[in-house]
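> Please find one structure pasted underneath; my questions will follow.
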Amino acid sequence: MEGEAGPGGARRALGRLVEAVLANRGKANSVFDILAVLQSEDQEEVHEAVRACSRLFGALWPAESCLVGLGPVWRVRVRASVWADRPAPPAGSRGATRKYKVWMRHRYHSCCNRLGELLARSSFPIKELALSTLMKFVQLEGEHPLEKPKWEGNYLFPYQLFKSVVGGLLSSRRGPLPAALSVPGEYLEHDDIRYHTMQAAADAVARARSAAVPLAFWNNAFTLLSSVSLPRQESVPSNFYVKHAELSDKWKVVHLRVRPGRAATRPDLLPFRQLPLRVCKKVLVIMHDSILPHLAQPSLMIDFLARACDVGEAGSTSLALNGLFILIHKHNLEYPDFYRKLYGLLDPSVFHVKYGLASSTWPTLFLSSSHLPAYLVAAFTKRLALLTVLPFICNLLRRHPACRVLVHRPRAPGDWTPTPMTPREEDPARSRALESSLWELQALSSITTPSVSKAASGHNQALSEAEVSIAPLLELTAFPVFEQDLQKKGPEPVPLEFSPAPGLLGRRGRSLGTSSLCLARPY
């Protein structure tokens, strides 16, 4: 503000304006000066103006209830054959008081609109202050509603104001969401806030389907929705952010376990074709644990997961198969291409993706049934042999004795005739793997790495009944392998047979090709 200098000038000037408005209704026009500072380019002035608005409207609410009620209305003609409801003309001093309340109500809406803009475009400190101010208004507006309840016992929540708050958070393009929404103890632990957050986010995502949406919107939507921790069990809501004198059984904020999750994760509210791949992966990571258990009809997600499988990227396909397996196993859904998609994932590149074979336990889970057909298990066994997942191959042979014919069908030494199996076949049912043999085990038993050759030579021995856990094998990376080899203590110095070289390039006058350097292999 130009009238005050120094860092505290704006605070003192705005404080005087707030005191003048609260002390005398004749100074109500000073509200325009306060709201004008919200449009300032100076971050410090905007910060103080937000504080002043919080103090002003926070004091006007309980003191005078200046925003309650619209009074009687008249049916008036706007134009030909068009009628509308208009406030009835007031009379006397009572009418002047009502005019003041209606006027202040419009200034309040202007303040909320500007705070919503700051929530979407400002820096993080102002964004956090605007959020706390708007949430304060939500609480005050719930305790002192803008309109009277239509029937007794009706639970009033300022949904339109809260919807603008959620919309401002989702539209934010400058930095992440305020940390207050990431802390469950701040706002999202309350039943009413949790419920209406899911409803408002669902409405915002539904509107975003018809337009080009920036990446920041989807990131903010995922951050907000994933911060909502839904209760695991049905319970009567009792922890409300908007306080009331007494709780009523007629209030409509119920079923907080089912409806929010259903509204926020229906396929028509999560348009997969519009979701960026990064955001889609984030959704798939929490799908089996944080989304599917809270849905009234989890089967609605099968289209979303099926489309995720069709992307072709190994990480998202493996995550989508995890969700599809839950729908198949627990909800009796059918997905005929499940094992064909899983078979296509068994490629050397699956070890290098973030959510691939090396970071999950889905192979043991998906192939754990002993009722799988032998041709299917044989196809997966051959693919796993190419990936050198030897303990898992032994586990499959333990569960399915019909596939042990792959081991007991040896090939003669030097027999390099091609096997009947088609290695590039995408459908395991057509691969003819059961007619082939596990010649890969014989080849792996001859390599120089002791741990691999020892594991590969185990097929010549009788398999034990107890299965071997492959979790340590999947978690193993190249770094610990190299570290383990470097820490090994070798034997005593190995004797070498050599002729000492007289110089770096041999004797003087002789070329490198005639040097007498000759190192032999260790004994």
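Scheme for the structure tokens: letters A, B, ... for chains in order shown; per-chain residue numbers from 1; ligand numbers from 1 in order shown.
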Near range 367-369 of chain A, within 12 Å and counting only C-alpha atoms, which residues show up once chain neighbours fewer than 3 positions away are dropped, as an MDAnalysis selection string?

chainID A and resid 325 329 338:339 342:343 361:364 372:374 376:381 392:393 395:400 467

> Generate the output file for the selected residues, N, CA and C atoms, as a CSV table (one decimal), in the first residue's frame.


chain,number,residue,atom,x,y,z
A,325,PHE,N,-6.0,-59.8,-11.5
A,325,PHE,CA,-5.9,-61.0,-10.8
A,325,PHE,C,-6.8,-61.0,-9.6
A,329,HIS,N,-9.8,-63.5,-9.0
A,329,HIS,CA,-9.7,-64.4,-7.9
A,329,HIS,C,-10.8,-64.2,-6.9
A,338,PHE,N,-5.6,-63.1,-19.9
A,338,PHE,CA,-4.7,-62.8,-18.7
A,338,PHE,C,-3.4,-63.5,-18.8
A,339,TYR,N,-3.4,-64.8,-19.1
A,339,TYR,CA,-2.1,-65.5,-19.1
A,339,TYR,C,-1.3,-65.3,-20.4
A,342,LEU,N,0.5,-62.1,-19.5
A,342,LEU,CA,1.5,-62.5,-18.6
A,342,LEU,C,2.7,-63.2,-19.3
A,343,TYR,N,2.4,-64.0,-20.2
A,343,TYR,CA,3.4,-64.7,-21.0
A,343,TYR,C,4.2,-63.7,-21.9
A,361,THR,N,6.1,-59.7,-6.6
A,361,THR,CA,6.0,-61.2,-6.4
A,361,THR,C,4.8,-61.8,-7.2
A,362,TRP,N,4.4,-61.1,-8.3
A,362,TRP,CA,3.3,-61.6,-9.1
A,362,TRP,C,3.6,-62.9,-9.8
A,363,PRO,N,4.8,-63.3,-10.2
A,363,PRO,CA,4.9,-64.6,-10.8
A,363,PRO,C,4.5,-65.7,-9.9
A,364,THR,N,4.9,-65.7,-8.7
A,364,THR,CA,4.5,-66.8,-7.8
A,364,THR,C,3.1,-66.7,-7.4
A,372,LEU,N,-3.7,-75.3,-13.0
A,372,LEU,CA,-3.4,-74.8,-14.3
A,372,LEU,C,-3.1,-75.9,-15.3
A,373,PRO,N,-3.4,-75.8,-16.5
A,373,PRO,CA,-3.2,-76.9,-17.5
A,373,PRO,C,-1.7,-77.1,-17.7
A,374,ALA,N,-1.3,-78.3,-18.1
A,374,ALA,CA,0.2,-78.6,-18.2
A,374,ALA,C,0.8,-77.8,-19.3
A,376,LEU,N,0.1,-74.9,-20.4
A,376,LEU,CA,0.4,-73.5,-20.0
A,376,LEU,C,1.6,-73.4,-19.1
A,377,VAL,N,1.7,-74.3,-18.1
A,377,VAL,CA,2.8,-74.3,-17.2
A,377,VAL,C,4.1,-74.6,-17.9
A,378,ALA,N,4.1,-75.5,-18.9
A,378,ALA,CA,5.3,-75.8,-19.7
A,378,ALA,C,5.7,-74.6,-20.5
A,379,ALA,N,4.8,-73.8,-21.0
A,379,ALA,CA,5.2,-72.6,-21.8
A,379,ALA,C,5.9,-71.6,-20.8
A,380,PHE,N,5.3,-71.4,-19.6
A,380,PHE,CA,6.0,-70.5,-18.7
A,380,PHE,C,7.3,-71.0,-18.2
A,381,THR,N,7.4,-72.3,-18.1
A,381,THR,CA,8.7,-72.9,-17.6
A,381,THR,C,9.8,-72.7,-18.6
A,392,PHE,N,12.4,-70.8,-9.4
A,392,PHE,CA,11.0,-70.8,-9.7
A,392,PHE,C,10.6,-71.9,-10.7
A,393,ILE,N,11.5,-72.3,-11.6
A,393,ILE,CA,11.3,-73.5,-12.4
A,393,ILE,C,11.1,-74.7,-11.6
A,395,ASN,N,10.0,-74.9,-8.6
A,395,ASN,CA,8.8,-74.9,-7.9
A,395,ASN,C,7.6,-75.3,-8.8
A,396,LEU,N,7.7,-74.8,-10.0
A,396,LEU,CA,6.6,-75.2,-11.0
A,396,LEU,C,6.6,-76.7,-11.3
A,397,LEU,N,7.8,-77.3,-11.3
A,397,LEU,CA,7.9,-78.7,-11.5
A,397,LEU,C,7.4,-79.5,-10.3
A,398,ARG,N,7.5,-78.9,-9.1
A,398,ARG,CA,7.0,-79.6,-7.9
A,398,ARG,C,5.5,-79.6,-8.0
A,399,ARG,N,4.9,-78.4,-8.4
A,399,ARG,CA,3.4,-78.3,-8.4
A,399,ARG,C,2.8,-79.1,-9.5
A,400,HIS,N,3.5,-79.2,-10.6
A,400,HIS,CA,2.9,-79.9,-11.8
A,400,HIS,C,3.8,-81.0,-12.2
A,467,GLU,N,8.9,-76.1,-1.3
A,467,GLU,CA,9.2,-75.1,-2.4
A,467,GLU,C,10.3,-74.2,-1.8

> May I ask for the distance between CA of Trp103 in chain A and CA of Arg11 in chain A, given in Å to one decimal place?

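Distance between the two atoms: 25.1 Å.
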
> Using only C-alpha atoms, determine which residues lie at most 12 Å from Arg25 in chain A, disregarding the query and same-chain residues fewer than 2 positions distant; provide the list as a list in words.

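Once the adjacent positions are removed, what remains is Leu17, Val18, Glu19, Ala20, Val21, Leu22, Ala23, Lys27, Ala28, Asn29, Ser30, Val31, Leu60, Glu64, Cys66, Ala96, Thr97, Lys99, Tyr100, Lys101, Trp103 and Met104 of chain A.
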
> List the neighbours of Ala456 in chain A out to 10 Å using only C-alpha atoms; skip same-chain residues closer than 2 positions along the sequence, and give me the result as a VMD selection string.

chain A and resid 385 388 to 391 393 to 394 440 to 447 450 to 454 458 to 460

> Those same residues - C-alpha atoms - I'd like them written as a CSV table (one decimal), in the first residue's frame.


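That gives us part-v1.csv:
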chain,number,residue,atom,x,y,z
A,385,ALA,CA,14.4,-70.9,-18.3
A,388,THR,CA,17.4,-68.1,-15.7
A,389,VAL,CA,14.9,-68.0,-12.9
A,390,LEU,CA,15.9,-71.5,-11.8
A,391,PRO,CA,14.3,-71.8,-8.3
A,393,ILE,CA,11.3,-73.5,-12.4
A,394,CYS,CA,11.8,-76.1,-9.8
A,440,GLU,CA,18.5,-74.6,-21.1
A,441,LEU,CA,19.2,-76.3,-17.8
A,442,GLN,CA,21.9,-78.5,-19.4
A,443,ALA,CA,23.5,-75.4,-20.9
A,444,LEU,CA,23.3,-73.4,-17.7
A,445,SER,CA,24.9,-76.2,-15.7
A,446,SER,CA,28.1,-75.8,-17.8
A,447,ILE,CA,28.7,-72.1,-17.3
A,450,PRO,CA,29.3,-71.4,-9.5
A,451,SER,CA,25.9,-70.4,-8.1
A,452,VAL,CA,24.1,-70.6,-11.5
A,453,SER,CA,25.7,-73.9,-12.5
A,454,LYS,CA,24.9,-75.5,-9.1
A,458,GLY,CA,19.8,-79.6,-9.5
A,459,HIS,CA,17.5,-81.0,-12.1
A,460,ASN,CA,19.5,-84.2,-12.2

> Just the residues within 12 Å of range 116-119 of chain A, please, counting only C-alpha atoms, with nothing from its chain fewer than 3 positions along; format it as an MDAnalysis selection string.

chainID A and resid 38:41 43 46:47 49:50 109:113 122:135 161:178

> Please extract the residues of range 258-468 of chain A with a backbone DSSP assignment of helix (DSSP H, G or I) and present them as a ChimeraX atom specification.

/A:259-265,267-269,277-285,287-294,298-309,314-331,338-345,348-351,357-359,362-366,374-386,390-399,401-406,428-430,433-435,439-444,450-460

> If I take CA of Pro423 in chain A and CA of Asp310 in chain A, how far is one from the other in Å, to one decimal?

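If I compute the distance from CA of Pro423 in chain A to CA of Asp310 in chain A, I get 21.5 Å.
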
> Restrict the calculation to only C-alpha atoms, then for each residue of range 274-382 of chain A with any atom at most 10 Å from an atom of range 221-225 of chain A give the closest atom pair and their distance in Å to one decimal, rows by chain and rising residue number, as a Markdown table.


| residue | atom | partner | partner_atom | distance |
| --- | --- | --- | --- | --- |
| A:Val279 | CA | A:Phe222 | CA | 7.3 |
| A:Cys280 | CA | A:Phe222 | CA | 9.4 |
| A:Lys282 | CA | A:Phe222 | CA | 7.9 |
| A:Val283 | CA | A:Phe222 | CA | 7.5 |

> Which residues come within 8 Å of Arg432 in chain A, counting only C-alpha atoms, excluding same-chain residues fewer than 4 positions away, as a PyMOL selection string?

chain A and resi 375+379+420-422+428+436

> Can you spit out the residues from that selection as a PDB file, in the first residue's frame, using N, CA and C atoms?


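New file part.pdb:
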ATOM      1  N   TYR A 375       0.084 -77.656 -20.462  1.00  0.00           N
ATOM      2  CA  TYR A 375       0.692 -76.944 -21.593  1.00  0.00           C
ATOM      3  C   TYR A 375       1.001 -75.491 -21.236  1.00  0.00           C
ATOM      4  N   ALA A 379       4.813 -73.808 -21.026  1.00  0.00           N
ATOM      5  CA  ALA A 379       5.208 -72.605 -21.766  1.00  0.00           C
ATOM      6  C   ALA A 379       5.894 -71.597 -20.848  1.00  0.00           C
ATOM      7  N   PRO A 420      10.358 -78.638 -31.157  1.00  0.00           N
ATOM      8  CA  PRO A 420       9.052 -78.290 -31.741  1.00  0.00           C
ATOM      9  C   PRO A 420       8.492 -76.959 -31.248  1.00  0.00           C
ATOM     10  N   MET A 421       9.007 -76.437 -30.138  1.00  0.00           N
ATOM     11  CA  MET A 421       8.446 -75.210 -29.577  1.00  0.00           C
ATOM     12  C   MET A 421       8.720 -74.019 -30.495  1.00  0.00           C
ATOM     13  N   THR A 422       7.743 -73.116 -30.553  1.00  0.00           N
ATOM     14  CA  THR A 422       7.877 -71.856 -31.293  1.00  0.00           C
ATOM     15  C   THR A 422       8.189 -70.754 -30.298  1.00  0.00           C
ATOM     16  N   PRO A 428       0.640 -68.787 -25.290  1.00  0.00           N
ATOM     17  CA  PRO A 428       1.277 -69.985 -24.717  1.00  0.00           C
ATOM     18  C   PRO A 428       0.564 -71.277 -25.115  1.00  0.00           C
ATOM     19  N   SER A 436       8.612 -79.950 -26.097  1.00  0.00           N
ATOM     20  CA  SER A 436      10.029 -79.608 -26.121  1.00  0.00           C
ATOM     21  C   SER A 436      10.724 -80.184 -24.893  1.00  0.00           C
TER      22      SER A 436
END
